[in-house]
$ cat query.cif   # mmCIF, C-alpha atoms
data_query
#
loop_
_atom_site.label_atom_id
_atom_site.label_comp_id
_atom_site.auth_asym_id
_atom_site.auth_seq_id
_atom_site.Cartn_x
_atom_site.Cartn_y
_atom_site.Cartn_z
CA MET A 1245 -12.62 -60.45 38.26
CA LYS A 1246 -13.91 -59.36 34.94
CA ILE A 1247 -13.71 -55.66 34.20
CA LYS A 1248 -16.29 -54.45 31.78
CA LYS A 1249 -14.91 -51.87 29.37
CA LYS A 1250 -17.28 -49.30 28.07
CA SER A 1251 -16.63 -49.19 24.28
CA GLN A 1252 -16.99 -45.76 22.70
CA GLY A 1253 -18.01 -45.55 19.05
CA PRO A 1254 -15.55 -43.63 16.83
CA GLU A 1255 -16.71 -40.20 15.77
CA ILE A 1256 -15.42 -37.08 14.04
CA PRO A 1257 -16.18 -33.96 16.04
CA THR A 1258 -18.20 -31.69 13.80
CA ALA A 1259 -19.49 -29.22 16.34
CA SER A 1260 -16.90 -26.58 15.43
CA MET A 1261 -17.25 -27.11 11.67
CA ALA A 1262 -19.67 -24.19 11.24
CA ASP A 1263 -17.38 -21.92 13.27
CA ILE A 1264 -14.41 -22.73 11.06
CA ALA A 1265 -16.49 -22.28 7.90
CA PHE A 1266 -17.81 -18.91 9.04
CA LEU A 1267 -14.33 -17.79 9.97
CA LEU A 1268 -13.16 -18.60 6.44
CA ILE A 1269 -16.20 -16.84 4.95
CA VAL A 1270 -15.45 -13.69 6.90
CA PHE A 1271 -11.83 -13.86 5.74
CA PHE A 1272 -12.82 -14.13 2.06
CA MET A 1273 -15.49 -11.44 2.43
CA VAL A 1274 -12.95 -9.04 3.88
CA THR A 1275 -10.17 -9.79 1.41
CA SER A 1276 -12.32 -9.96 -1.75
CA VAL A 1277 -12.22 -6.91 -3.97
CA PHE A 1278 -14.38 -6.38 -7.00
CA SER A 1279 -11.80 -5.53 -9.61
CA VAL A 1280 -12.69 -4.09 -13.00
CA THR A 1281 -11.75 -6.64 -15.61
CA ARG A 1282 -13.41 -5.16 -18.66
CA GLY A 1283 -12.25 -2.60 -21.16
CA LEU A 1284 -11.55 -1.68 -24.75
CA GLU A 1285 -9.30 -3.96 -26.76
CA PHE A 1286 -6.68 -2.44 -29.00
CA GLN A 1287 -3.99 -4.02 -31.15
CA LEU A 1288 -0.71 -2.30 -31.79
CA PRO A 1289 0.64 -2.71 -35.31
CA LYS A 1290 3.57 -5.01 -36.01
CA GLN A 1291 6.70 -2.93 -36.39
CA GLU A 1292 7.88 -4.53 -39.63
CA THR A 1293 4.66 -4.32 -41.61
CA THR A 1294 3.04 -1.10 -40.52
CA PRO A 1295 0.62 -0.15 -43.29
CA GLN A 1296 0.90 3.47 -44.25
CA THR A 1297 -2.42 5.10 -43.60
CA THR A 1298 -2.79 8.14 -45.77
CA GLN A 1299 -5.07 11.06 -45.15
CA GLU A 1300 -6.95 10.52 -48.42
CA GLU A 1301 -8.23 7.14 -47.35
CA ALA A 1302 -8.60 7.73 -43.63
CA ILE A 1303 -10.92 9.70 -41.40
CA HIS A 1304 -8.88 11.90 -39.12
CA ILE A 1305 -10.14 12.71 -35.60
CA HIS A 1306 -8.15 15.37 -33.82
CA ILE A 1307 -8.83 15.82 -30.10
CA ILE A 1308 -8.06 19.26 -28.71
CA PRO A 1309 -8.24 20.02 -24.97
CA ALA A 1310 -10.69 22.74 -23.91
CA GLY A 1311 -10.59 23.29 -20.16
CA SER A 1312 -11.67 20.08 -18.50
CA ASP A 1313 -13.39 18.94 -21.69
CA CYS A 1314 -12.37 18.39 -25.31
CA ILE A 1315 -13.15 19.55 -28.82
CA PHE A 1316 -13.42 16.86 -31.49
CA GLU A 1317 -12.33 17.82 -35.00
CA VAL A 1318 -13.31 15.19 -37.55
CA ASP A 1319 -11.72 15.81 -40.94
CA LYS A 1320 -11.12 19.40 -39.81
CA GLN A 1321 -14.81 19.92 -38.96
CA GLN A 1322 -15.63 20.55 -35.35
CA MET A 1323 -18.40 18.24 -34.14
CA ALA A 1324 -19.98 16.87 -30.99
CA LEU A 1325 -18.99 13.41 -29.83
CA SER A 1326 -22.50 12.08 -30.52
CA ASP A 1327 -22.30 13.25 -34.16
CA ILE A 1328 -19.14 11.30 -34.97
CA GLN A 1329 -21.02 8.02 -35.43
CA ARG A 1330 -23.51 9.67 -37.82
CA TYR A 1331 -20.65 11.19 -39.84
CA ILE A 1332 -18.72 7.92 -40.11
CA GLU A 1333 -21.55 5.47 -40.86
CA PRO A 1334 -22.16 6.45 -44.55
CA LYS A 1335 -18.42 6.40 -45.22
CA LEU A 1336 -18.18 3.01 -43.59
CA ALA A 1337 -21.11 1.72 -45.68
CA ARG A 1338 -19.13 2.58 -48.83
CA ASN A 1339 -15.90 1.09 -47.51
CA PRO A 1340 -16.17 -1.18 -44.44
CA ASN A 1341 -12.36 -1.26 -44.13
CA LYS A 1342 -12.10 2.50 -43.82
CA PHE A 1343 -9.26 3.60 -41.59
CA VAL A 1344 -9.90 6.04 -38.77
CA ILE A 1345 -6.98 7.82 -37.13
CA ILE A 1346 -7.42 9.16 -33.60
CA ASP A 1347 -4.95 11.93 -32.98
CA PRO A 1348 -5.26 13.28 -29.44
CA ASP A 1349 -3.34 16.35 -28.37
CA PRO A 1350 -0.68 15.47 -25.74
CA ASP A 1351 -2.45 17.77 -23.26
CA ALA A 1352 -5.93 16.33 -23.85
CA PRO A 1353 -7.35 14.18 -21.05
CA TYR A 1354 -7.12 10.43 -21.67
CA ARG A 1355 -10.89 9.97 -21.23
CA CYS A 1356 -11.53 12.01 -24.42
CA MET A 1357 -9.49 9.51 -26.40
CA VAL A 1358 -11.44 6.65 -24.78
CA ASP A 1359 -14.73 8.43 -25.62
CA ALA A 1360 -13.74 8.77 -29.28
CA PHE A 1361 -12.48 5.16 -29.38
CA ASP A 1362 -15.75 3.97 -27.84
CA GLU A 1363 -17.79 5.85 -30.44
CA LEU A 1364 -15.78 4.20 -33.22
CA LYS A 1365 -16.22 0.78 -31.68
CA LEU A 1366 -19.97 1.38 -31.47
CA ALA A 1367 -19.96 2.39 -35.15
CA ARG A 1368 -18.24 -0.98 -35.86
CA VAL A 1369 -15.10 0.59 -37.32
CA LYS A 1370 -12.65 -2.25 -37.96
CA ASN A 1371 -9.47 -0.28 -38.48
CA ILE A 1372 -8.74 2.21 -35.75
CA SER A 1373 -5.28 3.69 -35.53
CA ILE A 1374 -3.89 5.67 -32.62
CA PRO A 1375 -0.39 6.72 -33.70
CA THR A 1376 2.05 7.60 -30.95
CA GLN A 1377 3.92 10.91 -31.02
CA ALA A 1378 7.04 9.12 -32.31
CA GLU A 1379 5.06 7.49 -35.11
CA LYS A 1380 3.52 10.83 -36.08
CA GLU A 1381 6.98 12.35 -36.32
CA ALA A 1382 8.08 9.40 -38.47
CA TRP A 1383 5.05 9.79 -40.73
CA GLY A 1384 5.84 13.45 -41.20
CA ASP A 1385 3.26 15.47 -43.06
CA ILE A 1386 0.73 12.66 -43.49
CA LEU A 1387 -1.14 13.83 -40.43
CA MET B 1129 -65.51 -30.53 32.36
CA ARG B 1130 -61.82 -31.05 32.82
CA LEU B 1131 -59.54 -29.09 30.55
CA ARG B 1132 -56.53 -30.87 29.24
CA ARG B 1133 -53.20 -29.32 29.93
CA GLN B 1134 -51.75 -27.76 26.78
CA VAL B 1135 -48.44 -29.21 25.69
CA ARG B 1136 -46.11 -26.31 24.98
CA PRO B 1137 -43.71 -26.87 22.08
CA VAL B 1138 -40.11 -26.11 22.97
CA SER B 1139 -38.81 -23.26 20.83
CA TYR B 1140 -35.47 -23.70 19.13
CA ILE B 1141 -33.57 -22.46 16.08
CA PRO B 1142 -32.68 -25.25 13.66
CA THR B 1143 -28.93 -25.17 13.19
CA ALA B 1144 -28.38 -28.49 11.44
CA SER B 1145 -28.08 -26.89 8.00
CA MET B 1146 -25.87 -24.03 9.23
CA ALA B 1147 -22.66 -25.77 8.16
CA ASP B 1148 -24.11 -26.51 4.70
CA ILE B 1149 -25.01 -22.85 4.16
CA ALA B 1150 -21.65 -21.73 5.46
CA PHE B 1151 -19.78 -24.09 3.13
CA LEU B 1152 -21.91 -23.02 0.18
CA LEU B 1153 -20.94 -19.39 0.81
CA LEU B 1154 -17.34 -20.43 1.35
CA VAL B 1155 -17.19 -22.20 -2.01
CA PHE B 1156 -18.76 -19.15 -3.68
CA PHE B 1157 -16.10 -16.82 -2.32
CA LEU B 1158 -13.32 -19.28 -3.10
CA VAL B 1159 -14.43 -19.49 -6.73
CA THR B 1160 -15.09 -15.79 -7.30
CA THR B 1161 -12.08 -14.39 -5.48
CA THR B 1162 -9.30 -13.30 -7.79
CA ILE B 1163 -5.97 -12.08 -6.58
CA THR B 1164 -5.66 -8.47 -7.63
CA VAL B 1165 -2.14 -7.65 -8.71
CA ASP B 1166 -2.71 -3.92 -8.83
CA ARG B 1167 -4.57 -1.82 -6.29
CA THR B 1168 -3.75 1.62 -7.67
CA ASN B 1169 -6.71 3.89 -7.13
CA VAL B 1170 -7.57 5.55 -10.44
CA GLY B 1171 -10.75 7.12 -11.82
CA LEU B 1172 -11.27 5.01 -14.91
CA PRO B 1173 -12.83 6.54 -18.02
CA THR B 1174 -16.25 5.25 -19.08
CA SER B 1175 -17.28 3.43 -22.24
CA MET B 1176 -20.34 1.62 -23.63
CA GLU B 1177 -18.38 -1.08 -25.46
CA ARG B 1178 -16.47 -3.35 -23.09
CA THR B 1179 -14.93 -6.78 -23.42
CA GLU B 1180 -13.48 -9.12 -20.84
CA VAL B 1181 -9.75 -8.78 -20.29
CA PRO B 1182 -7.65 -11.98 -19.87
CA LYS B 1183 -7.04 -12.68 -16.20
CA ASP B 1184 -3.26 -13.12 -16.29
CA ALA B 1185 -2.60 -9.95 -18.28
CA ALA B 1186 0.21 -7.60 -17.31
CA VAL B 1187 -1.06 -4.35 -15.81
CA ILE B 1188 0.24 -0.84 -16.32
CA ALA B 1189 -1.54 1.63 -14.06
CA ILE B 1190 -1.10 5.35 -14.77
CA GLU B 1191 -2.14 7.85 -12.12
CA GLU B 1192 -3.47 11.32 -12.93
CA GLY B 1193 -0.04 12.84 -12.28
CA GLY B 1194 1.71 10.34 -14.54
CA VAL B 1195 3.08 7.94 -11.89
CA ILE B 1196 3.36 4.47 -13.46
CA HIS B 1197 2.75 1.17 -11.63
CA PHE B 1198 3.74 -2.05 -13.38
CA SER B 1199 2.82 -5.69 -12.75
CA ASP B 1200 3.66 -8.68 -14.94
CA GLY B 1201 0.32 -10.27 -14.01
CA LYS B 1202 1.74 -12.46 -11.25
CA ALA B 1203 3.61 -10.24 -8.79
CA GLN B 1204 2.11 -7.19 -7.07
CA SER B 1205 2.53 -3.94 -8.98
CA HIS B 1206 5.37 -1.56 -8.20
CA VAL B 1207 6.21 1.99 -9.22
CA LEU B 1208 8.26 2.14 -12.38
CA ASN B 1209 10.07 4.88 -14.27
CA LEU B 1210 8.77 5.61 -17.74
CA ASN B 1211 12.14 4.67 -19.23
CA ASP B 1212 12.02 1.24 -17.58
CA VAL B 1213 8.63 0.29 -19.07
CA LEU B 1214 10.30 -0.87 -22.30
CA LEU B 1215 12.68 -3.18 -20.43
CA ALA B 1216 9.95 -4.58 -18.16
CA ALA B 1217 7.57 -5.15 -21.10
CA ALA B 1218 10.31 -6.76 -23.20
CA PHE B 1219 11.10 -9.11 -20.30
CA VAL B 1220 7.43 -10.15 -20.09
CA MET B 1221 7.19 -10.57 -23.88
CA GLU B 1222 10.26 -12.79 -23.90
CA LYS B 1223 8.37 -15.33 -21.83
CA ASN B 1224 5.06 -15.03 -23.68
CA SER B 1225 4.90 -13.20 -26.99
CA LEU B 1226 1.08 -13.18 -26.97
CA LYS B 1227 0.79 -11.59 -23.53
CA TRP B 1228 -2.00 -9.07 -23.02
CA PHE B 1229 -1.20 -5.70 -21.47
CA VAL B 1230 -3.87 -3.82 -19.59
CA ILE B 1231 -3.64 -0.04 -19.41
CA LYS B 1232 -5.41 1.13 -16.28
CA ALA B 1233 -5.10 4.88 -16.60
CA ASP B 1234 -6.89 7.72 -14.85
CA GLY B 1235 -9.43 9.41 -17.13
CA ASN B 1236 -8.09 12.84 -16.26
CA ALA B 1237 -4.44 11.96 -16.93
CA ARG B 1238 -2.84 13.87 -19.81
CA TYR B 1239 -2.81 11.80 -22.98
CA GLN B 1240 0.94 12.39 -23.23
CA TYR B 1241 1.58 9.86 -20.42
CA ILE B 1242 -0.45 7.18 -22.15
CA ASP B 1243 1.21 8.00 -25.48
CA GLN B 1244 4.68 7.53 -23.99
CA VAL B 1245 3.71 4.19 -22.45
CA MET B 1246 2.12 3.03 -25.73
CA GLU B 1247 5.30 3.94 -27.59
CA GLN B 1248 7.39 1.88 -25.16
CA LEU B 1249 5.00 -1.07 -25.54
CA ARG B 1250 5.18 -0.78 -29.32
CA GLN B 1251 8.96 -0.89 -29.15
CA ALA B 1252 8.74 -3.98 -26.91
CA ARG B 1253 6.67 -5.57 -29.72
CA VAL B 1254 3.53 -5.81 -27.60
CA ARG B 1255 0.48 -6.46 -29.78
CA ASN B 1256 -2.49 -6.99 -27.50
CA ILE B 1257 -3.58 -4.07 -25.38
CA ALA B 1258 -6.75 -3.45 -23.42
CA MET B 1259 -7.73 -0.13 -21.90
CA LEU B 1260 -9.68 -0.65 -18.69
CA THR B 1261 -12.95 1.27 -18.52
CA GLN B 1262 -16.03 1.51 -16.38
CA GLN B 1263 -19.53 0.90 -17.71
CA GLU B 1264 -21.04 4.12 -19.04
CA GLU B 1265 -24.42 4.97 -17.57
CA VAL B 1266 -27.10 5.29 -20.23
CA GLY B 1267 -29.06 8.52 -20.25
#

$ encode --input "query.cif" --output "structure tokens"
Amino acid sequence: MKIKKKSQGPEIPTASMADIAFLLIVFFMVTSVFSVTRGLEFQLPKQETTPQTTQEEAIHIHIIPAGSDCIFEVDKQQMALSDIQRYIEPKLARNPNKFVIIDPDPDAPYRCMVDAFDELKLARVKNISIPTQAEKEAWGDIL
Amino acid sequence: MRLRRQVRPVSYIPTASMADIAFLLLVFFLVTTTITVDRTNVGLPTSMERTEVPKDAAVIAIEEGGVIHFSDGKAQSHVLNLNDVLLAAAFVMEKNSLKWFVIKADGNARYQYIDQVMEQLRQARVRNIAMLTQQEEVG
């Protein structure tokens, strides 16, 4: 007796594909975090060849804490943050390589230093120096 | 006159392209997801000028109270003593002398904390630093 075999065509089950894909989507949606990856670039000087920046050739910005805010003293003149750019631009036009030293008080909030740094970056200052406390002590009376 | 019986169309939701849409979204999330090495919650300062920071940069997070978290860019960040920053940074620099260091400090933190970290980085011969900021709102 001949037995007829029903031949089944080969197939890949794809019915659950969407379920798997959605499961993975939900996983990535839950685990993804939008991290901040932008900021202000700054280059520390090489230790061996640190150029001495003297007060005569540099603009000196001193940041003094005042409550939750700060006072900006540019070349010993107190000025608003928005005026710094206007003060620096003519000096920068004369000498584009003009050095600017940011000297924040240890008690000043960090954001004041960032504000001053941002203003200098917007004014296209090429040489910005932020000496550390140890460097200031090493420089002595230059600052 | 005899009215013809109206043929009612069977209502259904087309699901054939569901898998395509799902995979498209999946690929999007796979591409955009980055593994965050530091999840310290800090209130970043704001700035107008911002540039993209290299993705594999080492991260130094400084909380408002001065607590330091350090990550070499690969492992998850961990709390570190100020005095150990020099050693950790020197170890990273030994492997890659052009490594970028990201300072992720709270805007209200005293500048003294950032100054001390910067000094340690300078001693470790770090050259490239980026200070993480948020976009400043105009007006």

$ interface_residues --input "query.cif" --of "chain B" --to "chain A" --cutoff "9 Å" --atoms "only C-alpha atoms" --output "PyMOL selection string"
chain B and resi 1146-1151+1153-1155+1157-1158+1160-1164+1167+1172-1183+1230+1233-1244+1246-1247+1249-1251+1253-1263

$ atom_distance --input "query.cif" --atom1 "atom CA of B:Gln1248" --atom2 "atom CA of B:Leu1226"
16.4 Å

$ atom_distance --input "query.cif" --atom1 "atom CA of B:His1197" --atom2 "atom CA of B:Ala1252"
17.2 Å

$ atom_distance --input "query.cif" --atom1 "atom CA of B:Ile1196" --atom2 "atom CA of B:Leu1208"
5.5 Å

$ resolve_selection --input "query.cif" --expression "the PyMOL selection byres ((chain A and resi 1340-1347) around 8)" --output "mmCIF file with C-alpha atoms, in the coordinates of the input"
data_model
loop_
_atom_site.group_PDB
_atom_site.id
_atom_site.type_symbol
_atom_site.label_atom_id
_atom_site.label_comp_id
_atom_site.auth_asym_id
_atom_site.auth_seq_id
_atom_site.Cartn_x
_atom_site.Cartn_y
_atom_site.Cartn_z
ATOM 1 C CA THR A 1297 -2.420 5.100 -43.600
ATOM 2 C CA GLU A 1301 -8.230 7.140 -47.350
ATOM 3 C CA ALA A 1302 -8.600 7.730 -43.630
ATOM 4 C CA ILE A 1303 -10.920 9.700 -41.400
ATOM 5 C CA HIS A 1304 -8.880 11.900 -39.120
ATOM 6 C CA ILE A 1305 -10.140 12.710 -35.600
ATOM 7 C CA HIS A 1306 -8.150 15.370 -33.820
ATOM 8 C CA ILE A 1307 -8.830 15.820 -30.100
ATOM 9 C CA LYS A 1335 -18.420 6.400 -45.220
ATOM 10 C CA LEU A 1336 -18.180 3.010 -43.590
ATOM 11 C CA ALA A 1337 -21.110 1.720 -45.680
ATOM 12 C CA ARG A 1338 -19.130 2.580 -48.830
ATOM 13 C CA ASN A 1339 -15.900 1.090 -47.510
ATOM 14 C CA PRO A 1348 -5.260 13.280 -29.440
ATOM 15 C CA ASP A 1349 -3.340 16.350 -28.370
ATOM 16 C CA MET A 1357 -9.490 9.510 -26.400
ATOM 17 C CA ALA A 1360 -13.740 8.770 -29.280
ATOM 18 C CA PHE A 1361 -12.480 5.160 -29.380
ATOM 19 C CA VAL A 1369 -15.100 0.590 -37.320
ATOM 20 C CA LYS A 1370 -12.650 -2.250 -37.960
ATOM 21 C CA ASN A 1371 -9.470 -0.280 -38.480
ATOM 22 C CA ILE A 1372 -8.740 2.210 -35.750
ATOM 23 C CA SER A 1373 -5.280 3.690 -35.530
ATOM 24 C CA ILE A 1374 -3.890 5.670 -32.620
ATOM 25 C CA PRO A 1375 -0.390 6.720 -33.700
#

$ decode --input "query.cif" --residues "stretch 1253-1332 of chain A" --atoms "C-alpha atoms" --output "compact mmCIF listing (two decimals), in the first residue's frame"
# COMPACT_ATOMS: atom_id res chain seq x y z
CA GLY A 1253 7.22 23.71 2.54
CA PRO A 1254 10.08 25.05 4.70
CA GLU A 1255 9.38 28.36 6.37
CA ILE A 1256 10.87 30.70 8.95
CA PRO A 1257 8.32 31.72 11.55
CA THR A 1258 8.13 35.49 11.49
CA ALA A 1259 4.96 36.03 13.46
CA SER A 1260 6.82 36.92 16.65
CA MET A 1261 9.38 39.13 14.89
CA ALA A 1262 7.50 42.35 15.65
CA ASP A 1263 7.13 41.33 19.31
CA ILE A 1264 10.86 40.77 19.65
CA ALA A 1265 11.64 44.04 17.86
CA PHE A 1266 9.27 46.02 20.08
CA LEU A 1267 10.72 44.41 23.17
CA LEU A 1268 14.19 45.55 22.11
CA ILE A 1269 12.88 49.04 21.30
CA VAL A 1270 11.36 49.36 24.75
CA PHE A 1271 14.65 48.21 26.28
CA PHE A 1272 16.67 50.84 24.38
CA MET A 1273 14.09 53.55 25.08
CA VAL A 1274 14.28 52.85 28.79
CA THR A 1275 18.06 52.57 29.01
CA SER A 1276 18.92 55.50 26.70
CA VAL A 1277 19.97 58.69 28.41
CA PHE A 1278 20.60 61.96 26.68
CA SER A 1279 24.03 62.85 27.96
CA VAL A 1280 25.57 66.28 27.53
CA THR A 1281 28.58 65.90 25.29
CA ARG A 1282 29.36 69.52 24.56
CA GLY A 1283 31.42 72.07 26.40
CA LEU A 1284 34.28 74.53 26.39
CA GLU A 1285 37.67 73.30 25.27
CA PHE A 1286 40.73 74.34 27.21
CA GLN A 1287 44.39 73.40 26.83
CA LEU A 1288 46.70 73.24 29.78
CA PRO A 1289 50.21 74.53 29.13
CA LYS A 1290 53.13 72.14 28.78
CA GLN A 1291 55.08 72.09 32.00
CA GLU A 1292 58.51 72.57 30.42
CA THR A 1293 57.73 75.51 28.18
CA THR A 1294 55.22 77.59 30.10
CA PRO A 1295 55.40 81.08 28.61
CA GLN A 1296 55.57 83.74 31.27
CA THR A 1297 52.56 85.96 30.87
CA THR A 1298 53.26 89.33 32.34
CA GLN A 1299 50.72 91.84 33.51
CA GLU A 1300 51.91 94.48 31.03
CA GLU A 1301 50.95 92.39 28.04
CA ALA A 1302 47.92 90.59 29.45
CA ILE A 1303 44.38 91.53 30.37
CA HIS A 1304 43.68 90.44 33.90
CA ILE A 1305 40.16 89.35 34.91
CA HIS A 1306 39.69 88.88 38.62
CA ILE A 1307 36.49 87.16 39.74
CA ILE A 1308 35.33 87.99 43.25
CA PRO A 1309 32.38 86.20 44.89
CA ALA A 1310 29.44 88.39 45.94
CA GLY A 1311 26.72 86.33 47.59
CA SER A 1312 25.43 83.87 45.02
CA ASP A 1313 26.79 86.02 42.19
CA CYS A 1314 30.18 87.45 41.22
CA ILE A 1315 31.94 90.74 40.59
CA PHE A 1316 34.21 90.90 37.55
CA GLU A 1317 37.25 93.15 37.81
CA VAL A 1318 38.94 93.63 34.45
CA ASP A 1319 42.32 95.35 34.76
CA LYS A 1320 41.20 96.53 38.22
CA GLN A 1321 38.02 98.12 36.82
CA GLN A 1322 34.76 96.64 37.96
CA MET A 1323 32.49 95.84 35.02
CA ALA A 1324 29.45 93.82 34.05
CA LEU A 1325 29.96 90.51 32.30
CA SER A 1326 28.37 91.86 29.11
CA ASP A 1327 30.88 94.75 28.99
CA ILE A 1328 33.96 92.52 29.00
CA GLN A 1329 33.68 91.75 25.28
CA ARG A 1330 33.40 95.46 24.43
CA TYR A 1331 36.46 96.24 26.57
CA ILE A 1332 38.59 93.48 25.04
